[in-house]
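Structure file work_16.cif; described as mmCIF, C-alpha atoms and all ligand atoms.
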```cif
data_work
#
loop_
_atom_site.label_atom_id
_atom_site.label_comp_id
_atom_site.auth_asym_id
_atom_site.auth_seq_id
_atom_site.Cartn_x
_atom_site.Cartn_y
_atom_site.Cartn_z
CA MET A 1 -10.00 29.56 -65.61
CA ASN A 2 -12.81 28.42 -67.85
CA LYS A 3 -11.63 28.69 -71.43
CA LYS A 4 -14.74 27.33 -73.03
CA VAL A 5 -16.37 29.34 -75.78
CA ALA A 6 -19.96 29.10 -77.03
CA VAL A 7 -20.60 29.22 -80.77
CA PHE A 8 -24.09 29.98 -82.06
CA ARG A 9 -25.65 29.29 -85.42
CA LYS A 10 -29.06 30.74 -86.23
CA GLU A 11 -31.39 29.28 -88.82
CA ARG A 12 -35.04 29.56 -89.70
CA PHE A 13 -37.64 27.16 -90.96
CA ASN A 14 -41.35 27.31 -91.37
CA ALA A 15 -43.66 24.44 -90.70
CA ALA A 16 -47.28 23.65 -90.02
CA HIS A 17 -48.62 21.87 -86.98
CA ARG A 18 -51.62 21.14 -84.87
CA LEU A 19 -51.49 20.64 -81.12
CA ASN A 20 -54.03 18.09 -80.02
CA ASN A 21 -54.28 15.32 -77.49
CA PRO A 22 -56.58 12.59 -78.82
CA ASN A 23 -57.28 11.41 -75.27
CA LEU A 24 -58.95 14.71 -74.39
CA SER A 25 -62.30 16.13 -75.49
CA ASP A 26 -62.54 18.76 -78.22
CA MET A 27 -63.41 21.29 -75.53
CA GLU A 28 -60.38 20.41 -73.41
CA ASN A 29 -58.07 20.52 -76.44
CA GLN A 30 -59.44 23.91 -77.41
CA MET A 31 -58.93 25.20 -73.86
CA LEU A 32 -55.39 23.81 -73.65
CA PHE A 33 -54.02 24.63 -77.08
CA GLY A 34 -56.15 27.57 -78.28
CA LYS A 35 -55.31 28.62 -81.83
CA CYS A 36 -52.70 25.86 -82.11
CA ASN A 37 -55.59 23.35 -81.89
CA SER A 38 -57.12 24.66 -85.13
CA PRO A 39 -58.21 21.45 -86.96
CA ASN A 40 -56.78 22.35 -90.37
CA PHE A 41 -53.28 23.16 -89.14
CA HIS A 42 -51.47 26.51 -89.22
CA GLY A 43 -47.89 27.62 -89.68
CA HIS A 44 -45.13 29.12 -87.61
CA ASN A 45 -41.82 30.67 -88.59
CA TYR A 46 -39.44 28.92 -86.25
CA ASP A 47 -36.16 30.54 -85.33
CA LEU A 48 -33.64 27.90 -84.42
CA THR A 49 -30.45 28.68 -82.53
CA VAL A 50 -27.92 25.92 -82.12
CA LYS A 51 -25.37 26.54 -79.38
CA VAL A 52 -22.16 24.53 -79.33
CA THR A 53 -19.80 24.98 -76.39
CA GLY A 54 -16.29 23.66 -75.98
CA TYR A 55 -12.60 24.42 -75.89
CA VAL A 56 -10.95 26.22 -78.77
CA ASP A 57 -8.92 23.86 -80.93
CA PRO A 58 -5.36 25.29 -80.98
CA LYS A 59 -4.89 24.03 -84.53
CA THR A 60 -7.84 25.95 -86.04
CA GLY A 61 -8.81 28.51 -83.42
CA TYR A 62 -12.35 27.15 -83.69
CA VAL A 63 -14.62 25.39 -81.23
CA ILE A 64 -16.45 24.06 -84.25
CA ASP A 65 -16.16 25.12 -87.89
CA THR A 66 -19.39 27.08 -88.47
CA LYS A 67 -19.40 25.98 -92.11
CA ILE A 68 -19.52 22.36 -91.00
CA LEU A 69 -22.17 23.19 -88.38
CA SER A 70 -24.21 25.11 -90.92
CA ASN A 71 -24.12 22.23 -93.43
CA LEU A 72 -25.03 19.77 -90.72
CA ILE A 73 -28.10 21.79 -89.65
CA ASP A 74 -29.05 22.21 -93.27
CA GLU A 75 -28.87 18.54 -94.13
CA THR A 76 -30.28 17.00 -90.96
CA ILE A 77 -32.77 19.62 -89.71
CA LEU A 78 -33.85 22.12 -92.37
CA GLU A 79 -34.27 19.45 -95.06
CA LYS A 80 -36.48 17.55 -92.66
CA PHE A 81 -38.51 20.36 -91.05
CA ASP A 82 -38.73 23.24 -93.50
CA HIS A 83 -42.06 23.57 -95.35
CA ARG A 84 -43.43 20.43 -93.74
CA ASN A 85 -46.53 19.54 -91.85
CA LEU A 86 -44.94 18.30 -88.64
CA ASN A 87 -47.91 16.13 -87.64
CA LEU A 88 -48.28 14.44 -91.01
CA ASP A 89 -44.81 14.48 -92.56
CA LEU A 90 -42.53 13.62 -89.65
CA VAL A 91 -42.74 10.16 -88.15
CA GLU A 92 -41.33 11.59 -84.89
CA PHE A 93 -44.62 13.42 -84.29
CA LYS A 94 -46.95 10.60 -85.21
CA ASP A 95 -47.82 10.15 -81.53
CA LEU A 96 -46.06 13.19 -80.10
CA ASN A 97 -47.54 16.67 -79.90
CA PRO A 98 -45.34 19.03 -81.99
CA THR A 99 -44.94 21.68 -79.31
CA ALA A 100 -41.82 23.85 -79.31
CA GLU A 101 -40.59 21.74 -76.36
CA ASN A 102 -40.90 18.48 -78.27
CA ILE A 103 -39.52 19.93 -81.52
CA ALA A 104 -36.45 21.21 -79.64
CA MET A 105 -35.87 17.78 -78.10
CA ILE A 106 -36.17 16.02 -81.46
CA ILE A 107 -33.72 18.49 -83.04
CA TYR A 108 -31.31 18.02 -80.13
CA ASN A 109 -31.41 14.23 -80.47
CA ILE A 110 -30.70 14.40 -84.21
CA LEU A 111 -27.77 16.81 -83.85
CA ARG A 112 -26.35 15.22 -80.69
CA GLU A 113 -25.48 12.09 -82.65
CA LYS A 114 -23.59 14.11 -85.26
CA ILE A 115 -21.60 16.50 -83.09
CA ASN A 116 -18.43 15.45 -81.30
CA ALA A 117 -19.23 14.23 -77.79
CA SER A 118 -16.57 16.57 -76.34
CA LEU A 119 -18.77 19.54 -77.34
CA GLU A 120 -21.85 20.64 -75.38
CA LEU A 121 -25.01 21.19 -77.35
CA LYS A 122 -28.05 23.31 -76.63
CA ILE A 123 -31.09 24.05 -78.76
CA ILE A 124 -33.01 27.31 -78.52
CA LEU A 125 -36.22 27.34 -80.52
CA ASN A 126 -38.48 30.35 -80.99
CA GLU A 127 -42.00 29.53 -82.03
CA THR A 128 -42.99 33.18 -81.91
CA GLU A 129 -41.05 36.34 -81.15
CA LYS A 130 -42.15 36.11 -77.53
CA ASN A 131 -42.21 32.36 -76.91
CA TYR A 132 -39.13 30.22 -77.00
CA VAL A 133 -37.72 27.13 -75.40
CA GLU A 134 -34.27 25.90 -74.51
CA TYR A 135 -33.18 22.25 -74.37
CA PRO A 136 -31.48 20.93 -72.37
CA ALA A 137 -32.66 23.39 -69.70
NI NI B 1 -49.11 26.70 -83.30
#
```

Write out the structure in this file as structure tokens.
Ligand code: NI
Amino acid sequence: MNKKVAVFRKERFNAAHRLNNPNLSDMENQMLFGKCNSPNFHGHNYDLTVKVTGYVDPKTGYVIDTKILSNLIDETILEKFDHRNLNLDLVEFKDLNPTAENIAMIIYNILREKINASLELKIILNETEKNYVEYPA
């Protein structure tokens, strides 16, 4: 019997970005990225869900203490992403398009290092109400 439990923590941040591939023409960028190619940036309210899966610790009854998880997301992700221009403020996106896919992977990599390796980690990131990504898939 699988006794693993998934724990979810939801957070929100807002950030500006511009999707653009400098190797493509203005026309191609406009076709590919639409409004997200707008030259002077624009913002999104990102809904971040962090999913941690593992076995319940018999000592605490927790998979992970949500207070610890919450503080970790606060310090490593929200501090870094909230109210930022992702293209200009975050070195990670200097040469990487800040799509929801890439943002989710960056967030995963940051948190993966900080969360016990015995726990599984998944990032779900909503860029809009209707569009969201999950990493790892
Ligand atoms: Ni956008």

Between A:Tyr62, A:Phe81, A:Phe33, A:Phe8, which has the minimum distance to A:Asn45 (counting all atoms listed in the file)?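 Closest to A:Asn45, using all atoms listed in the file: A:Phe81.
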
Compute the set of protein, DNA and RNA residues whose minimum atom distance to ligand NI 1 (chain B) is at most 9 Å, using only C-alpha atoms and all ligand atoms, and state it as a short mmCIF file (atom, residue, chain, number, x, y, z; two decimals) with C-alpha atoms, keeping the file's coordinate frame.
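The file below, selection11.cif, is the result:
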```
data_model
loop_
_atom_site.label_atom_id
_atom_site.label_comp_id
_atom_site.auth_asym_id
_atom_site.auth_seq_id
_atom_site.Cartn_x
_atom_site.Cartn_y
_atom_site.Cartn_z
CA ALA A 16 -47.28 23.65 -90.02
CA HIS A 17 -48.62 21.87 -86.98
CA ARG A 18 -51.62 21.14 -84.87
CA LEU A 19 -51.49 20.64 -81.12
CA PHE A 33 -54.02 24.63 -77.08
CA GLY A 34 -56.15 27.57 -78.28
CA LYS A 35 -55.31 28.62 -81.83
CA CYS A 36 -52.70 25.86 -82.11
CA ASN A 37 -55.59 23.35 -81.89
CA SER A 38 -57.12 24.66 -85.13
CA PHE A 41 -53.28 23.16 -89.14
CA HIS A 42 -51.47 26.51 -89.22
CA GLY A 43 -47.89 27.62 -89.68
CA HIS A 44 -45.13 29.12 -87.61
CA PRO A 98 -45.34 19.03 -81.99
CA THR A 99 -44.94 21.68 -79.31
CA ALA A 100 -41.82 23.85 -79.31
CA GLU A 127 -42.00 29.53 -82.03
#
```

With 10 Å as the cut-off and all atoms listed in the file counted, what is the closest atom pair between each nearby residue of stretch 8-71 of chain A and stretch 114-124 of chain A? Distances in Å to one decimal, ordered by chain and number, as a tab-separated table.
```
residue	atom	partner	partner_atom	distance
A:Phe8	CA	A:Lys122	CA	9.5
A:Lys10	CA	A:Ile124	CA	9.3
A:Asp47	CA	A:Ile124	CA	8.2
A:Leu48	CA	A:Ile124	CA	6.0
A:Thr49	CA	A:Ile124	CA	5.0
A:Val50	CA	A:Ile123	CA	5.0
A:Lys51	CA	A:Lys122	CA	5.0
A:Val52	CA	A:Leu121	CA	4.8
A:Thr53	CA	A:Glu120	CA	4.9
A:Gly54	CA	A:Leu119	CA	5.0
A:Tyr55	CA	A:Leu119	CA	8.0
A:Val63	CA	A:Leu119	CA	8.2
A:Ile64	CA	A:Leu119	CA	8.6
A:Leu69	CA	A:Ile115	CA	8.5
```

Could you state the separation of atom CA of A:Ile107 and atom CA of A:Ile73 in Å, given to one decimal place?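 Atom-to-atom, atom CA of A:Ile107 to atom CA of A:Ile73, that is 9.3 Å.
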
Residues within 12 Å of A:Lys80, all atoms listed in the file, excluding chain neighbours under 2 positions, as a list in words: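 Contacts, in chain order: Phe13, Asn14, Ala15, Leu72, Ile73, Asp74, Glu75, Thr76, Ile77, Leu78, Asp82, His83, Arg84, Asn85, Leu86, Asp89, Leu90, Val91, Glu92, Ile103, Ile106, Ile107 and Ile110 of chain A.
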
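For the choices A:Arg112, A:Tyr46, A:Glu79, A:Arg9, the atom-to-atom distance to A:Lys130 is smallest for A:Tyr46 when using all atoms listed in the file.
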
Nearest to A:Tyr135 among A:Ala104, A:Pro39, A:Asn97, A:Glu28, with distances taken over all atoms listed in the file: which residue is it? A:Ala104

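Shortest separation to A:Lys67 among A:Leu32, A:Thr128, A:Pro136, A:Val7 occurs at residue A:Val7, atoms counted being only C-alpha atoms.
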
Hey, which of A:Leu88, A:Ile68, A:Leu96, A:Ala6 ends up closest to A:Asn20? Count only C-alpha atoms. A:Leu96

Separation of atom CA of A:Asn87 and atom CA of A:Tyr108, in Å?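 That distance, rounded to one decimal, is 18.3 Å.
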
A straight line from atom CA of A:Val5 to atom CA of A:Val56 spans 6.9 Å

Between A:Glu134, A:Asn29, A:Asn71, A:Glu129, which has the minimum distance to A:Asn102 (counting all atoms listed in the file)? A:Glu134

Please define a box with edges along x, y and z of the file around all atoms of stretch 30-36 of chain A given in the file, extend it by 4 Å on each side, and return its centre and edge lengths in Å to one decimal, as JSON.
```
{"center_x": -56.1, "center_y": 26.2, "center_z": -77.9, "size_x": 14.7, "size_y": 12.8, "size_z": 16.5}
```

I need stretch 121-133 of chain A from the structure I supplied, saved as a JSON list (two decimals), in the first residue's frame with all heavy atoms retained.
```
[["chain", "number", "residue", "atom", "x", "y", "z"],
["A", 121, "LEU", "N", 9.30, 16.60, -5.27],
["A", 121, "LEU", "CA", 8.93, 18.00, -5.43],
["A", 121, "LEU", "C", 8.32, 18.23, -6.80],
["A", 121, "LEU", "O", 8.82, 17.70, -7.80],
["A", 121, "LEU", "CB", 10.19, 18.87, -5.26],
["A", 121, "LEU", "CG", 10.03, 20.37, -5.49],
["A", 121, "LEU", "CD1", 9.11, 20.99, -4.45],
["A", 121, "LEU", "CD2", 11.41, 21.05, -5.45],
["A", 122, "LYS", "N", 7.26, 19.01, -6.83],
["A", 122, "LYS", "CA", 6.65, 19.40, -8.10],
["A", 122, "LYS", "C", 6.23, 20.85, -8.01],
["A", 122, "LYS", "O", 5.77, 21.30, -6.95],
["A", 122, "LYS", "CB", 5.44, 18.51, -8.40],
["A", 122, "LYS", "CG", 4.88, 18.69, -9.78],
["A", 122, "LYS", "CD", 3.89, 17.59, -10.13],
["A", 122, "LYS", "CE", 4.60, 16.32, -10.52],
["A", 122, "LYS", "NZ", 4.22, 15.78, -11.80],
["A", 123, "ILE", "N", 6.40, 21.57, -9.10],
["A", 123, "ILE", "CA", 6.02, 22.98, -9.16],
["A", 123, "ILE", "C", 4.86, 23.13, -10.13],
["A", 123, "ILE", "O", 4.94, 22.66, -11.27],
["A", 123, "ILE", "CB", 7.21, 23.85, -9.64],
["A", 123, "ILE", "CG1", 8.43, 23.67, -8.75],
["A", 123, "ILE", "CG2", 6.79, 25.32, -9.77],
["A", 123, "ILE", "CD1", 8.21, 24.04, -7.30],
["A", 124, "ILE", "N", 3.81, 23.79, -9.69],
["A", 124, "ILE", "CA", 2.70, 24.13, -10.57],
["A", 124, "ILE", "C", 2.63, 25.66, -10.59],
["A", 124, "ILE", "O", 2.59, 26.29, -9.54],
["A", 124, "ILE", "CB", 1.38, 23.52, -10.06],
["A", 124, "ILE", "CG1", 1.49, 21.98, -10.06],
["A", 124, "ILE", "CG2", 0.19, 23.97, -10.93],
["A", 124, "ILE", "CD1", 0.83, 21.32, -8.91],
["A", 125, "LEU", "N", 2.69, 26.21, -11.78],
["A", 125, "LEU", "CA", 2.74, 27.67, -11.89],
["A", 125, "LEU", "C", 1.66, 28.15, -12.86],
["A", 125, "LEU", "O", 1.68, 27.81, -14.04],
["A", 125, "LEU", "CB", 4.12, 28.11, -12.38],
["A", 125, "LEU", "CG", 4.32, 29.63, -12.42],
["A", 125, "LEU", "CD1", 4.41, 30.21, -11.02],
["A", 125, "LEU", "CD2", 5.57, 29.99, -13.22],
["A", 126, "ASN", "N", 0.74, 28.95, -12.31],
["A", 126, "ASN", "CA", -0.28, 29.58, -13.16],
["A", 126, "ASN", "C", 0.22, 30.95, -13.59],
["A", 126, "ASN", "O", 0.54, 31.79, -12.75],
["A", 126, "ASN", "CB", -1.58, 29.82, -12.37],
["A", 126, "ASN", "CG", -2.39, 28.57, -12.19],
["A", 126, "ASN", "OD1", -1.97, 27.67, -11.47],
["A", 126, "ASN", "ND2", -3.54, 28.53, -12.84],
["A", 127, "GLU", "N", 0.21, 31.17, -14.89],
["A", 127, "GLU", "CA", 0.52, 32.51, -15.38],
["A", 127, "GLU", "C", -0.76, 33.30, -15.53],
["A", 127, "GLU", "O", -0.80, 34.51, -15.31],
["A", 127, "GLU", "CB", 1.27, 32.43, -16.71],
["A", 127, "GLU", "CG", 1.78, 33.78, -17.18],
["A", 127, "GLU", "CD", 2.68, 33.66, -18.39],
["A", 127, "GLU", "OE1", 2.15, 33.47, -19.50],
["A", 127, "GLU", "OE2", 3.91, 33.73, -18.22],
["A", 128, "THR", "N", -1.82, 32.63, -15.93],
["A", 128, "THR", "CA", -3.16, 33.21, -15.95],
["A", 128, "THR", "C", -4.08, 32.17, -15.32],
["A", 128, "THR", "O", -3.65, 31.06, -14.99],
["A", 128, "THR", "CB", -3.64, 33.51, -17.38],
["A", 128, "THR", "OG1", -3.83, 32.26, -18.06],
["A", 128, "THR", "CG2", -2.64, 34.37, -18.14],
["A", 129, "GLU", "N", -5.34, 32.53, -15.19],
["A", 129, "GLU", "CA", -6.31, 31.59, -14.63],
["A", 129, "GLU", "C", -6.39, 30.32, -15.49],
["A", 129, "GLU", "O", -6.60, 29.22, -14.98],
["A", 129, "GLU", "CB", -7.67, 32.27, -14.60],
["A", 129, "GLU", "CG", -8.49, 31.98, -13.37],
["A", 129, "GLU", "CD", -9.71, 32.86, -13.36],
["A", 129, "GLU", "OE1", -9.55, 34.11, -13.29],
["A", 129, "GLU", "OE2", -10.82, 32.32, -13.45],
["A", 130, "LYS", "N", -6.21, 30.51, -16.78],
["A", 130, "LYS", "CA", -6.43, 29.39, -17.71],
["A", 130, "LYS", "C", -5.17, 28.69, -18.15],
["A", 130, "LYS", "O", -5.24, 27.58, -18.66],
["A", 130, "LYS", "CB", -7.19, 29.89, -18.94],
["A", 130, "LYS", "CG", -8.61, 30.33, -18.62],
["A", 130, "LYS", "CD", -9.32, 30.83, -19.86],
["A", 130, "LYS", "CE", -10.74, 31.26, -19.54],
["A", 130, "LYS", "NZ", -11.40, 31.85, -20.71],
["A", 131, "ASN", "N", -4.02, 29.33, -17.97],
["A", 131, "ASN", "CA", -2.77, 28.74, -18.43],
["A", 131, "ASN", "C", -1.87, 28.43, -17.24],
["A", 131, "ASN", "O", -1.52, 29.33, -16.48],
["A", 131, "ASN", "CB", -2.00, 29.70, -19.35],
["A", 131, "ASN", "CG", -2.72, 29.96, -20.66],
["A", 131, "ASN", "OD1", -3.56, 29.18, -21.07],
["A", 131, "ASN", "ND2", -2.41, 31.07, -21.27],
["A", 132, "TYR", "N", -1.49, 27.17, -17.13],
["A", 132, "TYR", "CA", -0.52, 26.82, -16.10],
["A", 132, "TYR", "C", 0.34, 25.66, -16.52],
["A", 132, "TYR", "O", 0.00, 24.92, -17.44],
["A", 132, "TYR", "CB", -1.21, 26.57, -14.75],
["A", 132, "TYR", "CG", -2.17, 25.41, -14.66],
["A", 132, "TYR", "CD1", -1.74, 24.18, -14.15],
["A", 132, "TYR", "CD2", -3.49, 25.55, -15.05],
["A", 132, "TYR", "CE1", -2.63, 23.13, -14.04],
["A", 132, "TYR", "CE2", -4.38, 24.48, -14.95],
["A", 132, "TYR", "CZ", -3.94, 23.28, -14.44],
["A", 132, "TYR", "OH", -4.81, 22.23, -14.34],
["A", 133, "VAL", "N", 1.48, 25.57, -15.86],
["A", 133, "VAL", "CA", 2.45, 24.53, -16.20],
["A", 133, "VAL", "C", 2.79, 23.73, -14.95],
["A", 133, "VAL", "O", 2.59, 24.20, -13.83],
["A", 133, "VAL", "CB", 3.75, 25.12, -16.81],
["A", 133, "VAL", "CG1", 3.45, 25.93, -18.05],
["A", 133, "VAL", "CG2", 4.50, 25.97, -15.77]]
```
